[in-house]
Amino acid sequence: MHSTLEQFDAILDTCRGLFEKKTRDYGTAWRILRPSSLTDQLFIKARRIRSIEEKGRQKVPDAIEEDYIGLVNYSIMAMMQLELPPDAPLELPIDEAVRLFGHHARETRELLAAKNHDYGEAWRDMRLSSITDLILMKILRIKQIEDNEGQTLVSEGLQANYQDIINYAIFALIKLQDQKQQV
């Protein structure tokens with residue numbers, strides 16, 4: 001069995017590779033999206049996963065893993081949008097977009113390592129459906145923070161919620177990989 005950080009890194013490499021390829025294909029067209037639109041993209045991905053979990057089947061053959069990867073990449077794009085100044089160009093050079101992706105991925109990995117230490121890998125004993133529900137809860141929190149114009153009284157901000165979504169999505173991908181290896 002690989003360590004969590006090794007598994008995290010391998011999955012993140014896949015996510016980054018897809019991000020880079022799509023950036024080469026489409027440029028940074030996603031930059032036109034307002035943060036609330038990125039949040040809705042996250043919601044769509046997570047609702048599809050939950051719908052398939054509840055129905056026990058799917059009609060569109062796209063693998064559920066693709067939705068988890070989408071949750072990772074859209075969360076990183078949202079953090080990038082929040083960080084970029086309002087006058088930043090819509091079209092970022094590929095190298096800059098990939099650099100920013102890497103910056104947010106590293107910060108999220110550091111958070112994962114700290115939380116995983118403190119919680120003792122409790123996520124490994126969680127059901128996939130619970131991970132999906134936690135992702136949806138984080139998205140609803142983000143929507144509320146957006147509706148409150150970014151203001152919170154005592155709660156974590158947007159970035160912490162995006163990072164939690166990334167980490168939960170990667171936990172789900174690890175669990176799915178581990179299930180496939182056991183078969």
# chains A, B, ... in the order shown; residues from 1 in each chain; ligands from 1
$ residues_around --residues "Tyr68 of chain A" --least-positions-apart "6" --cutoff "12 Å" --atoms "only C-alpha atoms" --output "short mmCIF file (atom, residue, chain, number, x, y, z; two decimals) with N, CA and C atoms, in the first residue's frame"
data_model
loop_
_atom_site.label_atom_id
_atom_site.label_comp_id
_atom_site.auth_asym_id
_atom_site.auth_seq_id
_atom_site.Cartn_x
_atom_site.Cartn_y
_atom_site.Cartn_z
N ILE A 11 -2.47 11.24 -8.07
CA ILE A 11 -3.77 11.73 -8.54
C ILE A 11 -3.65 13.19 -8.97
N LEU A 12 -2.95 13.98 -8.20
CA LEU A 12 -2.80 15.39 -8.55
C LEU A 12 -2.03 15.55 -9.86
N THR A 14 -2.29 13.53 -12.36
CA THR A 14 -3.32 13.28 -13.37
C THR A 14 -4.18 14.52 -13.57
N CYS A 15 -4.60 15.13 -12.46
CA CYS A 15 -5.43 16.35 -12.53
C CYS A 15 -4.69 17.48 -13.24
N GLN A 41 -20.44 24.94 -11.17
CA GLN A 41 -19.81 23.80 -11.85
C GLN A 41 -19.47 22.70 -10.83
N LEU A 42 -18.94 23.11 -9.69
CA LEU A 42 -18.65 22.15 -8.62
C LEU A 42 -19.93 21.44 -8.18
N PHE A 43 -21.00 22.22 -8.03
CA PHE A 43 -22.28 21.66 -7.60
C PHE A 43 -22.78 20.61 -8.60
N ILE A 44 -22.69 20.92 -9.88
CA ILE A 44 -23.13 19.98 -10.93
C ILE A 44 -22.35 18.67 -10.83
N LYS A 45 -21.04 18.76 -10.69
CA LYS A 45 -20.21 17.54 -10.60
C LYS A 45 -20.60 16.71 -9.38
N ALA A 46 -20.72 17.37 -8.23
CA ALA A 46 -21.02 16.64 -6.99
C ALA A 46 -22.44 16.07 -7.02
N ARG A 47 -23.40 16.80 -7.57
CA ARG A 47 -24.77 16.28 -7.67
C ARG A 47 -24.84 15.07 -8.58
N ARG A 48 -24.07 15.06 -9.65
CA ARG A 48 -24.05 13.89 -10.54
C ARG A 48 -23.55 12.67 -9.78
N ILE A 49 -22.46 12.86 -9.03
CA ILE A 49 -21.91 11.75 -8.25
C ILE A 49 -22.96 11.23 -7.28
N ARG A 50 -23.61 12.13 -6.56
CA ARG A 50 -24.61 11.71 -5.57
C ARG A 50 -25.80 11.02 -6.25
N ASP A 62 -19.75 8.33 -18.82
CA ASP A 62 -18.58 9.02 -18.27
C ASP A 62 -18.27 8.48 -16.88
N TYR A 74 -11.73 22.30 -10.91
CA TYR A 74 -12.56 23.51 -10.78
C TYR A 74 -12.29 24.22 -9.46
N SER A 75 -12.01 23.47 -8.40
CA SER A 75 -11.68 24.12 -7.12
C SER A 75 -10.38 24.91 -7.23
N LEU A 128 -17.89 6.24 0.69
CA LEU A 128 -17.81 7.19 -0.42
C LEU A 128 -19.00 8.14 -0.41
N ILE A 131 -18.33 11.01 1.84
CA ILE A 131 -17.39 11.96 1.24
C ILE A 131 -18.13 12.86 0.25
N THR A 132 -19.01 12.26 -0.55
CA THR A 132 -19.81 13.05 -1.49
C THR A 132 -20.66 14.07 -0.75
N ILE A 135 -18.57 16.95 0.45
CA ILE A 135 -18.24 17.85 -0.67
C ILE A 135 -19.43 18.76 -0.96
N ILE A 165 -12.70 20.54 -0.46
CA ILE A 165 -13.31 19.84 -1.59
C ILE A 165 -12.25 19.06 -2.35
N ILE A 166 -11.11 19.68 -2.62
CA ILE A 166 -10.02 19.00 -3.32
C ILE A 166 -9.59 17.77 -2.55
N ASN A 167 -9.35 17.94 -1.26
CA ASN A 167 -8.87 16.80 -0.47
C ASN A 167 -9.90 15.68 -0.40
N TYR A 168 -11.17 16.01 -0.21
CA TYR A 168 -12.20 14.97 -0.20
C TYR A 168 -12.31 14.28 -1.55
N ALA A 169 -12.23 15.04 -2.64
CA ALA A 169 -12.30 14.44 -3.97
C ALA A 169 -11.13 13.49 -4.19
N ILE A 170 -9.95 13.88 -3.74
CA ILE A 170 -8.78 13.01 -3.89
C ILE A 170 -8.92 11.78 -2.99
N PHE A 171 -9.45 11.96 -1.78
CA PHE A 171 -9.72 10.79 -0.92
C PHE A 171 -10.65 9.81 -1.65
N ALA A 172 -11.69 10.33 -2.27
CA ALA A 172 -12.63 9.47 -2.99
C ALA A 172 -11.92 8.73 -4.13
N LEU A 173 -11.07 9.45 -4.86
CA LEU A 173 -10.33 8.80 -5.96
C LEU A 173 -9.39 7.72 -5.44
N ILE A 174 -8.76 7.97 -4.31
CA ILE A 174 -7.89 6.94 -3.70
C ILE A 174 -8.72 5.73 -3.32
N LYS A 175 -9.87 5.95 -2.68
CA LYS A 175 -10.73 4.84 -2.28
C LYS A 175 -11.19 4.04 -3.50
N LEU A 176 -11.55 4.73 -4.57
CA LEU A 176 -11.97 4.03 -5.80
C LEU A 176 -10.82 3.21 -6.39
#
$ residues_around --residues "segment 114-118 of chain A" --least-positions-apart "6" --cutoff "12 Å" --atoms "only C-alpha atoms" --output "PyMOL selection string"
chain A and resi 3-5+8+107-108+124+163-164+167-168+171
$ closest_residue --among "A:Val60, A:Arg127, A:Leu82, A:Leu71" --to "Arg34 of chain A" --atoms "only C-alpha atoms"
A:Leu82
$ atom_distance --atom1 "atom CA of Ser129 of chain A" --atom2 "atom CA of Glu146 of chain A"
25.7 Å
$ select_by_dssp --residues "segment 10-138 of chain A" --states "helix (DSSP H, G or I)" --output "MDAnalysis selection string"
chainID A and resid 10:26 29:32 35:55 64:83 94:119 122:125 128:138
$ closest_residue --among "A:Gln151, A:Gln81, A:Gln181, A:Gln144" --to "Ile32 of chain A" --atoms "only C-alpha atoms"
A:Gln81
$ residues_around --residues "Glu96 of chain A" --least-positions-apart "5" --cutoff "12 Å" --atoms "only C-alpha atoms" --output "list in words"
Glu20, Thr23, Gly27, Thr28, Met80, Leu84, Ala88, Pro89, Glu91, Phe101, Gly102 and His103 of chain A
$ write_last_selection --atoms "N, CA and C atoms" --output "PDB file, in the first residue's frame"
ATOM      1  N   GLU A  20      -3.519  20.977 -17.855  1.00  0.00           N
ATOM      2  CA  GLU A  20      -2.572  21.523 -18.834  1.00  0.00           C
ATOM      3  C   GLU A  20      -3.017  21.215 -20.267  1.00  0.00           C
ATOM      4  N   THR A  23      -5.899  23.373 -21.118  1.00  0.00           N
ATOM      5  CA  THR A  23      -5.440  24.749 -21.300  1.00  0.00           C
ATOM      6  C   THR A  23      -4.803  24.899 -22.677  1.00  0.00           C
ATOM      7  N   GLY A  27      -7.177  27.271 -24.050  1.00  0.00           N
ATOM      8  CA  GLY A  27      -6.663  28.466 -23.393  1.00  0.00           C
ATOM      9  C   GLY A  27      -7.262  28.541 -21.997  1.00  0.00           C
ATOM     10  N   THR A  28      -7.353  29.732 -21.469  1.00  0.00           N
ATOM     11  CA  THR A  28      -7.936  29.898 -20.132  1.00  0.00           C
ATOM     12  C   THR A  28      -9.334  30.493 -20.257  1.00  0.00           C
ATOM     13  N   MET A  80      -7.634  30.185  -8.096  1.00  0.00           N
ATOM     14  CA  MET A  80      -6.850  31.036  -8.986  1.00  0.00           C
ATOM     15  C   MET A  80      -7.624  32.321  -9.299  1.00  0.00           C
ATOM     16  N   LEU A  84      -6.250  36.142  -8.558  1.00  0.00           N
ATOM     17  CA  LEU A  84      -5.855  37.029  -9.653  1.00  0.00           C
ATOM     18  C   LEU A  84      -6.507  38.402  -9.497  1.00  0.00           C
ATOM     19  N   ALA A  88      -6.323  41.341 -14.365  1.00  0.00           N
ATOM     20  CA  ALA A  88      -5.532  40.271 -14.999  1.00  0.00           C
ATOM     21  C   ALA A  88      -6.187  39.896 -16.324  1.00  0.00           C
ATOM     22  N   PRO A  89      -5.383  39.581 -17.325  1.00  0.00           N
ATOM     23  CA  PRO A  89      -5.964  39.230 -18.631  1.00  0.00           C
ATOM     24  C   PRO A  89      -6.761  37.919 -18.542  1.00  0.00           C
ATOM     25  N   GLU A  91      -6.851  35.692 -20.880  1.00  0.00           N
ATOM     26  CA  GLU A  91      -6.000  34.645 -21.429  1.00  0.00           C
ATOM     27  C   GLU A  91      -4.640  34.681 -20.740  1.00  0.00           C
ATOM     28  N   PHE A 101      -1.649  26.754 -10.848  1.00  0.00           N
ATOM     29  CA  PHE A 101      -2.258  25.472 -10.474  1.00  0.00           C
ATOM     30  C   PHE A 101      -1.359  24.768  -9.459  1.00  0.00           C
ATOM     31  N   GLY A 102      -0.064  24.708  -9.770  1.00  0.00           N
ATOM     32  CA  GLY A 102       0.891  24.048  -8.878  1.00  0.00           C
ATOM     33  C   GLY A 102       0.974  24.712  -7.516  1.00  0.00           C
ATOM     34  N   HIS A 103       0.928  26.032  -7.482  1.00  0.00           N
ATOM     35  CA  HIS A 103       0.975  26.768  -6.223  1.00  0.00           C
ATOM     36  C   HIS A 103      -0.195  26.365  -5.321  1.00  0.00           C
TER      37      HIS A 103
END
$ closest_residue --among "A:Asp178, A:Ala10, A:Ile142, A:Arg24" --to "Asp95 of chain A" --atoms "only C-alpha atoms"
A:Arg24
$ atom_distance --atom1 "atom CA of Val98 of chain A" --atom2 "atom CA of Ile139 of chain A"
24.2 Å
$ closest_residue --among "A:Leu100, A:Val183, A:Ile52, A:Leu112" --to "Ala78 of chain A" --atoms "only C-alpha atoms"
A:Leu100
$ residues_around --residues "segment 157-159 of chain A" --least-positions-apart "2" --cutoff "8 Å" --atoms "only C-alpha atoms" --output "MDAnalysis selection string"
chainID A and resid 79 142 145 150 152 155 161:163
$ write_last_selection --atoms "C-alpha atoms" --output "tab-separated table (two decimals), in the first residue's frame"
chain	number	residue	atom	x	y	z
A	79	MET	CA	-8.80	29.67	-6.03
A	142	ILE	CA	-19.25	28.41	-0.46
A	145	ILE	CA	-20.29	32.84	1.68
A	150	GLY	CA	-17.34	36.87	1.19
A	152	THR	CA	-17.99	35.35	7.57
A	155	SER	CA	-16.19	30.40	9.69
A	161	ASN	CA	-13.61	25.21	1.63
A	162	TYR	CA	-12.14	24.77	-1.86
A	163	GLN	CA	-9.13	23.00	-0.34
$ atom_distance --atom1 "atom CA of Ser36 of chain A" --atom2 "atom CA of Gly70 of chain A"
15.9 Å
